[in-house]
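Undergrad: Contents of work_3.txt (compact mmCIF, C-alpha atoms):
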# COMPACT_ATOMS: atom_id res chain seq x y z
CA MET R 249 110.03 132.39 78.20
CA SER R 250 111.56 133.64 81.42
CA ASP R 251 115.21 133.22 82.25
CA LEU R 252 115.85 131.35 85.42
CA GLU R 253 119.07 131.59 87.31
CA PRO R 254 120.46 128.45 88.90
CA ILE R 255 119.64 127.90 92.52
CA SER R 256 122.20 129.47 94.84
CA ASP R 257 124.97 127.23 96.08
CA ALA R 258 124.07 127.96 99.68
CA LEU R 259 120.44 126.95 99.24
CA LYS R 260 121.43 123.90 97.22
CA GLU R 261 123.78 122.91 100.01
CA GLN R 262 120.93 123.16 102.48
CA LEU R 263 118.73 120.97 100.29
CA ASP R 264 121.45 118.36 99.86
CA ALA R 265 122.10 118.23 103.58
CA ALA R 266 118.55 117.24 104.44
CA GLU R 267 117.84 113.56 104.34
CA TRP R 268 114.18 112.90 103.64
CA PRO R 269 112.48 109.91 105.21
CA ALA R 270 112.00 106.90 102.98
CA PRO R 271 108.58 105.33 102.49
CA PRO R 272 107.80 102.14 104.38
CA ALA R 273 109.57 99.19 102.79
CA ASP R 274 106.32 97.30 102.27
CA LEU R 275 104.35 100.28 100.98
CA ALA R 276 103.78 98.94 97.46
CA ASP R 277 102.60 95.53 98.58
CA ARG R 278 100.45 96.96 101.33
CA LEU R 279 98.51 99.32 99.08
CA LEU R 280 98.19 96.98 96.13
CA PRO R 281 95.24 94.77 97.22
CA GLY R 282 92.98 97.77 97.74
CA LEU R 283 94.09 99.32 94.48
CA HIS R 284 93.55 96.08 92.56
CA ALA R 285 89.99 95.96 93.81
CA ALA R 286 89.35 99.58 92.90
CA TRP R 287 91.06 99.40 89.51
CA GLY R 288 89.22 96.21 88.61
CA ALA R 289 85.88 97.66 89.74
CA HIS R 290 86.46 100.80 87.74
CA ALA R 291 87.47 98.95 84.60
CA ALA R 292 84.58 96.51 84.93
CA ALA R 293 81.99 99.23 85.47
CA SER R 294 83.37 101.26 82.59
CA ALA R 295 83.26 98.23 80.32
CA ALA R 296 79.71 97.45 81.37
CA ALA R 297 78.64 101.04 80.78
CA ALA R 298 80.17 100.97 77.33
CA GLY R 299 78.03 98.00 76.36
CA ALA R 300 79.13 96.19 73.25
CA ALA R 301 82.28 98.12 72.55
CA PRO R 302 84.88 95.87 70.94
CA VAL R 303 87.69 94.74 73.15
CA GLY R 304 91.31 94.04 72.54
CA SER R 305 92.83 97.34 71.51
CA PRO R 306 94.04 100.33 73.48
CA VAL R 307 91.64 102.50 71.55
CA SER R 308 88.74 100.36 72.68
CA VAL R 309 89.94 100.66 76.25
CA VAL R 310 89.95 104.43 75.89
CA LYS R 311 86.45 104.36 74.50
CA ARG R 312 85.20 102.04 77.21
CA LEU R 313 86.66 104.10 80.00
CA PHE R 314 85.61 107.48 78.74
CA GLY R 315 82.74 106.96 76.37
CA SER R 316 80.05 106.80 79.00
CA ALA R 317 78.36 108.89 81.60
CA GLY R 318 77.34 107.86 85.08
CA ALA R 319 78.71 107.58 88.55
CA LEU R 320 80.95 104.90 89.93
CA SER R 321 82.22 104.49 93.42
CA THR R 322 85.61 102.83 93.73
CA ALA R 323 86.56 101.43 97.10
CA GLY R 324 84.43 104.03 98.76
CA ALA R 325 87.04 106.64 98.03
CA LEU R 326 86.06 108.48 94.91
CA VAL R 327 83.16 109.30 92.68
CA VAL R 328 84.03 109.49 89.03
CA GLY R 329 82.59 109.61 85.58
CA ALA R 330 80.63 112.79 84.98
CA ALA R 331 79.56 113.54 81.42
CA GLY R 332 82.33 111.68 79.69
CA GLY R 333 85.09 113.04 81.88
CA VAL R 334 86.50 112.40 85.31
CA ALA R 335 85.67 114.95 88.00
CA LEU R 336 87.57 113.81 91.01
CA HIS R 337 88.38 116.97 92.85
CA GLN R 338 86.80 120.33 93.24
CA GLU R 339 89.94 121.93 91.90
CA MET R 340 90.71 119.45 89.16
CA ALA R 341 89.75 120.57 85.70
CA PRO R 342 87.43 118.24 83.76
CA ALA R 343 89.23 115.61 81.77
CA PRO R 344 89.43 116.22 78.05
CA ALA R 345 86.68 114.88 75.88
CA PRO R 346 87.21 111.31 74.72
CA GLN R 347 89.71 111.28 71.93
CA ILE R 348 92.40 109.24 70.37
CA ILE R 349 95.62 111.07 71.06
CA VAL R 350 98.03 111.46 68.17
CA VAL R 351 101.48 110.58 69.39
CA GLN R 352 104.15 113.04 68.34
CA VAL R 353 107.24 111.48 69.81
CA PRO R 354 110.10 111.94 67.32
CA VAL R 355 111.48 108.44 67.34
CA PRO R 356 113.20 106.35 64.70
CA ALA R 357 111.52 103.35 63.14
CA PRO R 358 111.30 100.34 65.45
CA ALA R 359 114.50 98.39 65.48
CA PRO R 360 115.08 94.81 66.57
CA VAL R 361 116.03 94.63 70.22
CA GLU R 362 119.30 92.87 70.83
CA PRO R 363 120.08 90.96 74.00
CA SER R 364 121.13 93.25 76.81
CA PRO R 365 124.75 93.38 77.93
CA PRO R 366 125.37 92.32 81.51
CA VAL R 367 124.56 95.17 83.79
CA GLU R 368 124.32 95.74 87.47
CA PRO R 369 120.92 95.59 89.13
CA ARG R 370 119.33 98.93 89.81
CA SER R 371 118.92 100.16 93.31
CA GLU R 372 116.18 102.80 93.00
CA PRO R 373 113.32 103.43 93.29
CA VAL R 374 112.09 99.92 94.03
CA GLU R 375 113.79 97.59 96.40
CA PRO R 376 113.26 93.88 96.89
CA SER R 377 112.21 93.05 100.40
CA PRO R 378 113.71 93.10 102.87
CA PRO R 379 115.83 96.08 101.84
CA ALA R 380 119.35 96.16 103.18
CA PRO R 381 120.34 99.43 104.83
CA ARG R 382 122.28 101.48 102.33
CA PRO R 383 124.20 104.63 103.14
CA LYS R 384 122.84 107.53 101.12
CA PRO R 385 126.22 108.96 100.09
CA ALA R 386 127.09 105.78 98.20
CA LEU R 387 123.91 106.09 96.19
CA LYS R 388 124.61 109.72 95.40
CA ALA R 389 128.05 108.83 94.17
CA ALA R 390 126.76 106.05 91.94
CA VAL R 391 123.95 107.88 90.17
CA SER R 392 123.96 111.58 89.50
CA PRO R 393 120.58 113.34 89.55
CA SER R 394 120.93 114.43 85.92
CA SER R 395 121.71 110.91 84.74
CA MET R 396 118.84 109.52 86.75
CA ALA R 397 116.49 112.12 85.31
CA ALA R 398 117.59 111.27 81.78
CA GLU R 399 117.05 107.57 82.42
CA GLN R 400 113.71 108.23 83.99
CA ARG R 401 112.52 110.30 81.04
CA LEU R 402 113.31 107.57 78.54
CA LEU R 403 111.62 104.90 80.61
CA ASP R 404 108.67 107.17 81.34
CA GLY R 405 108.08 107.44 77.61
CA ALA R 406 108.45 103.72 77.09
CA ARG R 407 106.21 102.93 80.02
CA THR R 408 103.50 105.26 78.77
CA ALA R 409 103.69 103.66 75.33
CA VAL R 410 103.43 100.16 76.80
CA LEU R 411 100.58 101.29 78.99
CA ARG R 412 98.76 102.50 75.91
CA GLY R 413 99.50 99.31 74.00
CA GLU R 414 101.85 100.98 71.53
CA PRO R 415 105.00 98.84 71.46
CA GLN R 416 106.14 100.44 68.20
CA LEU R 417 106.77 103.60 70.23
CA ALA R 418 108.16 101.87 73.29
CA LEU R 419 110.80 99.75 71.57
CA PRO R 420 112.87 102.60 70.07
CA LEU R 421 112.91 104.36 73.42
CA LEU R 422 114.05 101.18 75.13
CA GLU R 423 116.77 100.74 72.51
CA GLN R 424 117.88 104.33 73.10
CA TYR R 425 118.03 103.64 76.83
CA ARG R 426 120.18 100.57 76.23
CA LYS R 427 122.67 102.56 74.16
CA GLU R 428 122.82 105.60 76.41
CA HIS R 429 122.60 103.93 79.83
CA PRO R 430 124.10 100.44 79.54
CA ARG R 431 124.89 100.52 83.25
CA GLY R 432 122.02 102.71 84.30
CA ALA R 433 120.26 102.67 87.63
CA LEU R 434 116.97 101.58 86.08
CA VAL R 435 118.14 98.60 84.03
CA GLU R 436 115.83 96.26 85.88
CA GLU R 437 112.75 98.23 84.94
CA HIS R 438 114.12 98.63 81.42
CA ALA R 439 114.41 94.86 81.10
CA ALA R 440 110.85 94.35 82.36
CA LEU R 441 109.48 96.95 79.96
CA GLU R 442 111.36 95.32 77.11
CA VAL R 443 109.60 92.03 77.76
CA GLN R 444 106.23 93.76 77.85
CA ALA R 445 106.90 95.74 74.66
CA LEU R 446 108.12 92.70 72.74
CA ALA R 447 105.13 90.68 73.91
CA LEU R 448 102.76 93.45 72.90
CA ALA R 449 104.44 93.65 69.50
CA GLY R 450 103.85 89.94 68.95
CA ARG R 451 107.59 89.22 68.80
CA THR R 452 107.03 86.10 70.82
CA ASP R 453 110.43 84.43 70.56
CA GLN R 454 112.26 87.62 71.47
CA ALA R 455 109.84 88.27 74.31
CA ARG R 456 110.38 84.80 75.78
CA ALA R 457 114.15 85.14 75.46
CA ALA R 458 114.04 88.57 77.10
CA ALA R 459 111.88 87.15 79.89
CA GLU R 460 114.39 84.37 80.48
CA ARG R 461 117.22 86.86 80.67
CA PHE R 462 115.20 88.99 83.05
CA ARG R 463 114.48 86.11 85.44
CA ALA R 464 118.12 85.03 85.40
CA ARG R 465 119.48 88.50 86.01
CA PHE R 466 116.90 89.74 88.49
CA PRO R 467 115.72 86.79 90.58
CA GLY R 468 112.99 87.80 92.99
CA SER R 469 112.47 91.09 91.17
CA PHE R 470 109.63 93.40 91.97
CA PHE R 471 108.70 93.19 88.28
CA THR R 472 108.71 89.40 87.90
CA GLU R 473 104.94 89.19 88.17
CA ALA R 474 104.49 91.78 85.45
CA VAL R 475 106.98 89.96 83.21
CA ASP R 476 105.24 86.63 83.75
CA LEU R 477 101.91 88.24 83.03
CA ALA R 478 103.17 89.71 79.78
CA ILE R 479 104.31 86.27 78.63
CA SER R 480 101.09 84.52 79.65
CA GLU R 481 99.03 87.24 78.03
CA MET R 482 101.06 86.81 74.87
CA LYS R 483 100.25 83.10 74.81
CA ALA R 484 96.56 83.86 75.11
CA ARG R 485 96.60 86.45 72.35
CA PRO R 486 96.71 85.41 68.72
CA THR R 487 99.87 86.47 66.95
CA PRO R 488 99.25 89.48 64.68
CA MET F 38 93.73 87.25 80.31
CA THR F 39 90.98 89.77 79.64
CA THR F 40 91.70 93.18 78.22
CA ARG F 41 90.52 94.58 81.52
CA GLY F 42 92.99 92.40 83.37
CA ALA F 43 95.74 93.40 80.96
CA ALA F 44 95.04 97.07 81.54
CA VAL F 45 95.31 96.56 85.29
CA ALA F 46 98.49 94.51 84.89
CA ARG F 47 100.15 97.17 82.75
CA PHE F 48 99.18 99.89 85.15
CA GLU F 49 100.58 97.84 88.01
CA THR F 50 104.01 98.15 86.41
CA VAL F 51 103.67 101.92 86.54
CA TYR F 52 102.45 101.69 90.11
CA ARG F 53 105.39 99.59 91.26
CA SER F 54 107.86 101.93 89.60
CA GLU F 55 106.36 105.11 90.96
CA VAL F 56 104.69 104.37 94.28
CA ASN F 57 107.71 105.17 96.43
CA GLY F 58 108.41 108.33 94.47
CA VAL F 59 104.83 109.51 94.88
CA TRP F 60 105.00 108.87 98.64
CA ARG F 61 108.23 110.90 98.86
CA PHE F 62 106.73 113.70 96.78
CA LEU F 63 103.66 113.91 99.01
CA TYR F 64 105.87 113.93 102.07
CA ARG F 65 107.90 116.80 100.62
CA LEU F 66 104.66 118.69 100.03
CA GLY F 67 104.04 118.45 103.77
CA VAL F 68 101.73 115.45 103.92
CA ARG F 69 102.67 113.47 107.03
CA PRO F 70 102.16 109.78 107.88
CA PRO F 71 99.76 108.11 108.09
CA THR F 72 98.05 110.46 105.62
CA THR F 73 100.99 110.15 103.21
CA GLU F 74 100.02 106.56 102.58
CA ASP F 75 96.32 107.35 102.20
CA LEU F 76 96.99 110.05 99.64
CA THR F 77 99.46 107.83 97.77
CA HIS F 78 96.65 105.29 97.49
CA GLN F 79 94.26 107.97 96.32
CA THR F 80 96.74 109.27 93.75
CA PHE F 81 96.95 105.88 92.08
CA LEU F 82 93.17 105.51 92.11
CA VAL F 83 92.84 108.79 90.26
CA ALA F 84 95.74 107.99 87.96
CA PHE F 85 94.19 104.70 86.83
CA GLN F 86 90.99 106.48 85.93
CA ARG F 87 92.82 109.22 84.06
CA TRP F 88 95.57 107.34 82.27
CA PRO F 89 93.66 106.89 79.02
CA THR F 90 93.85 110.67 78.68
CA LEU F 91 97.61 110.71 79.14
CA ASP F 92 99.44 111.81 76.02
CA ALA F 93 102.04 109.19 75.17
CA ALA F 94 104.55 111.97 74.62
CA ARG F 95 104.20 113.03 78.24
CA PRO F 96 106.24 111.18 80.86
CA VAL F 97 104.36 109.35 83.58
CA GLY F 98 106.35 110.57 86.59
CA PRO F 99 105.54 114.29 86.30
CA TRP F 100 101.96 113.46 85.35
CA LEU F 101 101.56 111.41 88.53
CA ARG F 102 103.02 114.21 90.61
CA GLY F 103 100.50 116.61 89.14
CA ILE F 104 97.73 114.30 90.29
CA ALA F 105 99.35 113.85 93.70
CA TRP F 106 99.62 117.62 94.10
CA ARG F 107 95.89 118.04 93.45
CA VAL F 108 95.03 115.23 95.82
CA ALA F 109 97.20 116.86 98.49
CA ALA F 110 95.69 120.31 97.82
CA ASP F 111 92.18 118.95 98.26
CA HIS F 112 93.21 117.22 101.45
CA ARG F 113 94.80 120.39 102.77
CA ARG F 114 91.63 122.37 102.18
CA LEU F 115 89.60 119.83 104.10
CA HIS F 116 92.10 119.36 106.92
CA GLN F 117 93.71 122.68 107.69
CA HIS F 118 95.30 121.56 110.93
CA ARG F 119 98.81 120.17 110.96
CA GLU F 120 98.86 116.44 111.37
CA ALA F 121 102.16 115.99 113.06
CA SER F 122 104.64 118.32 114.61
CA LEU F 123 108.18 118.44 113.32
CA ASP F 124 109.27 116.73 116.50
CA GLU F 125 107.35 113.71 115.28
CA LEU F 126 109.20 113.31 112.00
CA PRO F 127 109.69 109.61 111.29
CA GLU F 128 113.14 108.18 111.54
CA SER F 129 114.96 108.14 108.24
CA HIS F 130 115.51 104.72 106.69
CA GLY F 131 118.38 105.74 104.49
CA THR F 132 121.19 106.44 106.87
CA GLY F 133 122.18 102.84 107.49
CA SER F 134 125.25 102.75 109.66
CA ALA F 135 126.14 106.42 109.26
CA PRO F 136 127.78 107.91 112.33
CA ALA F 137 125.44 109.43 114.88
CA ASP F 138 126.67 112.97 114.29
CA GLU F 139 125.98 112.69 110.55
CA VAL F 140 122.52 111.37 111.24
CA LEU F 141 121.89 114.19 113.64
CA ALA F 142 123.15 116.80 111.17
CA ALA F 143 120.96 115.41 108.38
CA ARG F 144 117.98 115.39 110.72
CA ARG F 145 118.60 118.97 111.81
CA ALA F 146 118.92 120.05 108.20
CA LEU F 147 115.64 118.34 107.36
CA VAL F 148 113.85 119.93 110.28
CA ALA F 149 115.15 123.37 109.29
CA LEU F 150 114.08 122.83 105.69
CA GLU F 151 110.68 121.54 106.75
CA GLN F 152 110.11 124.51 109.03
CA ALA F 153 110.99 126.88 106.20
CA LEU F 154 108.81 125.07 103.67
CA GLU F 155 105.89 125.28 106.08
CA GLN F 156 106.14 129.04 106.00
CA ILE F 157 105.83 129.59 102.27
CA ASN F 158 102.78 129.65 100.06
CA PRO F 159 101.59 126.10 99.17
CA GLU F 160 101.72 126.71 95.42
CA GLN F 161 105.25 128.12 95.70
CA ARG F 162 106.25 125.17 97.84
CA ALA F 163 104.85 122.74 95.28
CA VAL F 164 106.77 124.37 92.43
CA PHE F 165 109.95 124.43 94.49
CA VAL F 166 109.60 120.77 95.45
CA MET F 167 108.80 119.70 91.89
CA HIS F 168 111.74 121.58 90.37
CA GLU F 169 114.48 121.44 92.99
CA LEU F 170 113.75 118.11 94.65
CA GLU F 171 111.92 116.12 91.98
CA SER F 172 113.96 117.42 88.99
CA MET F 173 110.85 118.30 87.01
CA ALA F 174 111.28 120.73 84.11
CA ILE F 175 109.38 124.00 84.19
CA ASP F 176 107.09 123.00 81.31
CA GLU F 177 106.33 119.71 83.05
CA ILE F 178 105.38 121.61 86.20
CA ALA F 179 103.21 123.98 84.20
CA ALA F 180 101.40 121.02 82.67
CA ALA F 181 101.05 119.28 86.02
CA MET F 182 99.65 122.36 87.75
CA GLU F 183 97.74 123.56 84.69
CA ALA F 184 99.29 126.98 85.09
CA PRO F 185 101.11 129.26 82.62
CA VAL F 186 104.88 128.84 82.38
CA PRO F 187 105.60 132.43 83.54
CA THR F 188 103.52 131.76 86.65
CA ILE F 189 105.66 128.73 87.43
CA TYR F 190 108.85 130.75 87.01
CA SER F 191 107.45 133.41 89.30
CA ARG F 192 106.46 130.92 91.98
CA LEU F 193 109.88 129.30 91.85
CA ARG F 194 111.71 132.60 92.17
CA LEU F 195 109.55 133.65 95.11
CA ALA F 196 110.02 130.29 96.80
CA ARG F 197 113.79 130.47 96.43
CA GLU F 198 113.90 134.01 97.79
CA ARG F 199 111.73 133.18 100.76
CA LEU F 200 113.55 129.97 101.58
CA SER F 201 116.92 131.65 101.29
CA ALA F 202 115.78 134.32 103.72
CA LEU F 203 114.49 131.72 106.13
CA LEU F 204 117.26 129.16 105.88
CA LEU F 205 120.55 130.74 105.12
CA PRO F 206 121.03 132.62 108.38
CA HIS F 207 121.12 129.13 109.93
CA ARG F 208 123.87 127.03 108.46
CA VAL F 209 123.62 123.31 107.93
CA GLY F 210 124.16 121.37 111.13
CA ASP F 211 123.92 124.38 113.39
CA PRO F 212 121.80 123.87 116.46
CA ALA F 213 118.46 125.61 116.12
Rewrite the structure from the file as structure tokens, please.

TA:
Amino acid sequence: MSDLEPISDALKEQLDAAEWPAPPADLADRLLPGLHAAWGAHAAASAAAAGAAPVGSPVSVVKRLFGSAGALSTAGALVVGAAGGVALHQEMAPAPAPQIIVVQVPVPAPAPVEPSPPVEPRSEPVEPSPPAPRPKPALKAAVSPSSMAAEQRLLDGARTAVLRGEPQLALPLLEQYRKEHPRGALVEEHAALEVQALALAGRTDQARAAAERFRARFPGSFFTEAVDLAISEMKARPTP
Amino acid sequence: MTTRGAAVARFETVYRSEVNGVWRFLYRLGVRPPTTEDLTHQTFLVAFQRWPTLDAARPVGPWLRGIAWRVAADHRRLHQHREASLDELPESHGTGSAPADEVLAARRALVALEQALEQINPEQRAVFVMHELESMAIDEIAAAMEAPVPTIYSRLRLARERLSALLLPHRVGDPA
């Protein structure tokens, strides 16, 4: 492992002085319809190619998406699905062979999730529309880069676990976030992920209560649709 | 709700959390509007297709940036010309009511940084952006770029040296 000296103060100062342009305020909503079409087409074609694979588990989703060969065009943008992998770019290495990945996150056993203490709404990275102009220095003062990175790492792990349908891994990370960042910048996303994880875990009463708290605390949130979906999906799914 | 619909819904949460960050990252790599938006779109197309291969122990943000970097690299190979001059940098949205001289200083600093970044090797620039601007750890960058850790250290050192040589004779806020 190489030793790396910290960046020089002078260069750091130059980096801090530059204010990068922000993305268009409506970027997420503008791109989403096209992505929905492409994602849905990809998932549908993968499911069709997989034939009678059982549905309902993350493992089955993995098998359906990667257990087949063939080409699929999504939204005219990409060609995917060569020999069980995804070859999207000339430079991109082939995806690993289909496998069930063993999770090695050192986390404690899942613990019940208590109601969140009142916290301030986050301000980054997603803003409700229309965003109010906000001076950058105020944001810098409120959230240090290291704190933000620590928050992001915890939620990244939880989000990946939810994405993979593994709430038993997501919930401890969310609990850790609550303890370490009770007034963090990403509390809104934390609250949304908590609803999704509880719903996935079949903890229906806690999920509904968490959803209620979320709607009360973050009216008009970017994540409201995802929270509502998690609850409706929970209703449609038999309790484990 | 079908399983397929649930998979899309869950991925949408990731998308909403990360889409602005991916746009910023692509911009910092030198991808200029309107291509920034196109490549952001493409990044999330690729990411949806690849997410079943994502190790749950690996955070999503750095993984997405690795995909975005490859998308941008492919685009750069196909479109070698610059898409917008530095004079055409979009107005920043983050300055709010900051005084005009502060806005001007921040803009000058950005232009100077952009000019310097344009002059370094693309791989070195990517490592520098990932580490210094996106707060990615060295091992995360190595995974994202599928390169050995010592190579990442080397690229970062070279990028710092080159940028220091290019930037530091001109202090922040000085007229070009």

Undergrad: For each of R:Leu275, R:Leu434, R:Leu259, R:Leu477, take the minimum atom-to-atom distance to Ala455 in chain R, counting all atoms listed in the file, then give the residue where this is smallest.

TA: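 Closest to Ala455 in chain R, using all atoms listed in the file: R:Leu477.
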
Undergrad: So what do you get for CA of Gln79 in chain F versus CA of Val108 in chain F, distance-wise?

TA: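 These two atoms are separated by 7.3 Å.
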
Undergrad: Ala457 in chain R: which residues within 12 Å, counting all atoms listed in the file, same-chain residues fewer than 3 positions away excluded, as a tab-separated table (two decimals) with C-alpha atoms, in the coordinates of the input?

TA:
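Everything below was put into selection.tsv:
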chain	number	residue	atom	x	y	z
R	361	VAL	CA	116.03	94.63	70.22
R	362	GLU	CA	119.30	92.87	70.83
R	363	PRO	CA	120.08	90.96	74.00
R	364	SER	CA	121.13	93.25	76.81
R	439	ALA	CA	114.41	94.86	81.10
R	440	ALA	CA	110.85	94.35	82.36
R	442	GLU	CA	111.36	95.32	77.11
R	443	VAL	CA	109.60	92.03	77.76
R	444	GLN	CA	106.23	93.76	77.85
R	446	LEU	CA	108.12	92.70	72.74
R	447	ALA	CA	105.13	90.68	73.91
R	451	ARG	CA	107.59	89.22	68.80
R	452	THR	CA	107.03	86.10	70.82
R	453	ASP	CA	110.43	84.43	70.56
R	454	GLN	CA	112.26	87.62	71.47
R	460	GLU	CA	114.39	84.37	80.48
R	461	ARG	CA	117.22	86.86	80.67
R	462	PHE	CA	115.20	88.99	83.05
R	463	ARG	CA	114.48	86.11	85.44
R	464	ALA	CA	118.12	85.03	85.40
R	475	VAL	CA	106.98	89.96	83.21
R	479	ILE	CA	104.31	86.27	78.63

Undergrad: Considering all atoms listed in the file, state which residue in the set R:Ala474, R:Val435, R:Ala458, R:Ala445 is at the smallest distance from chain F.

TA: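 Using all atoms listed in the file, the shortest distance to chain F belongs to R:Ala474.
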
Undergrad: Nearest residue to Arg69 in chain F out of R:Ala418, R:Ser480, R:Pro269, R:Ser256, using all atoms listed in the file?

TA: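 Once distances to Arg69 in chain F are computed over all atoms listed in the file, the minimum belongs to R:Pro269.
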
Undergrad: What does the structure give for the distance between CA of Glu473 in chain R and CA of Trp106 in chain F, in Å to one decimal?

TA: 29.5 Å

Undergrad: Need the shell around Asp75 in chain F: protein/DNA/RNA residues with any atom at most 12 Å away, counting all atoms listed in the file. Skip same-chain ones fewer than 2 positions apart. Format as a list of chain:residue names?

TA: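 That gives R:Leu275, R:Arg278, R:Leu279, R:Gly282, R:Leu283, R:Ala325, F:Val56, F:Val59, F:Trp60, F:Leu63, F:Tyr64, F:Val68, F:Arg69, F:Pro70, F:Pro71, F:Thr72, F:Thr73, F:Thr77, F:His78, F:Gln79, F:Thr80, F:Phe81, F:Leu82, F:Ala105, F:Val108, F:Ala109, F:His112.
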
Undergrad: Figure out the distance between CA of Arg199 in chain F and CA of Leu66 in chain F, please, to one decimal in Å.

TA: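 Taking CA of Leu66 in chain F and CA of Arg199 in chain F, their separation equals 16.1 Å.
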
Undergrad: Nearest to chain F among R:Pro271, R:Pro430, R:Gly468, R:Pro254, with distances taken over all atoms listed in the file: which residue is it?

TA: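 Nearest candidate to chain F out of R:Pro271, R:Pro430, R:Gly468, R:Pro254: R:Pro271.
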
Undergrad: Write out as a list of chain:residue names each polymer residue whose atoms come within 8 Å of Tyr190 in chain F, counting only C-alpha atoms; drop sequence neighbours fewer than 4 positions from it.

TA: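 Counting only C-alpha atoms, the residues come to R:Ser250, R:Leu252, F:Ile175, F:Val186, F:Arg194.
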
Undergrad: Taking only C-alpha atoms into account, name the residue in R:Pro420, R:Leu448, R:Gly432, R:Ala478 that is nearest to Met396 in chain R.

TA: R:Gly432
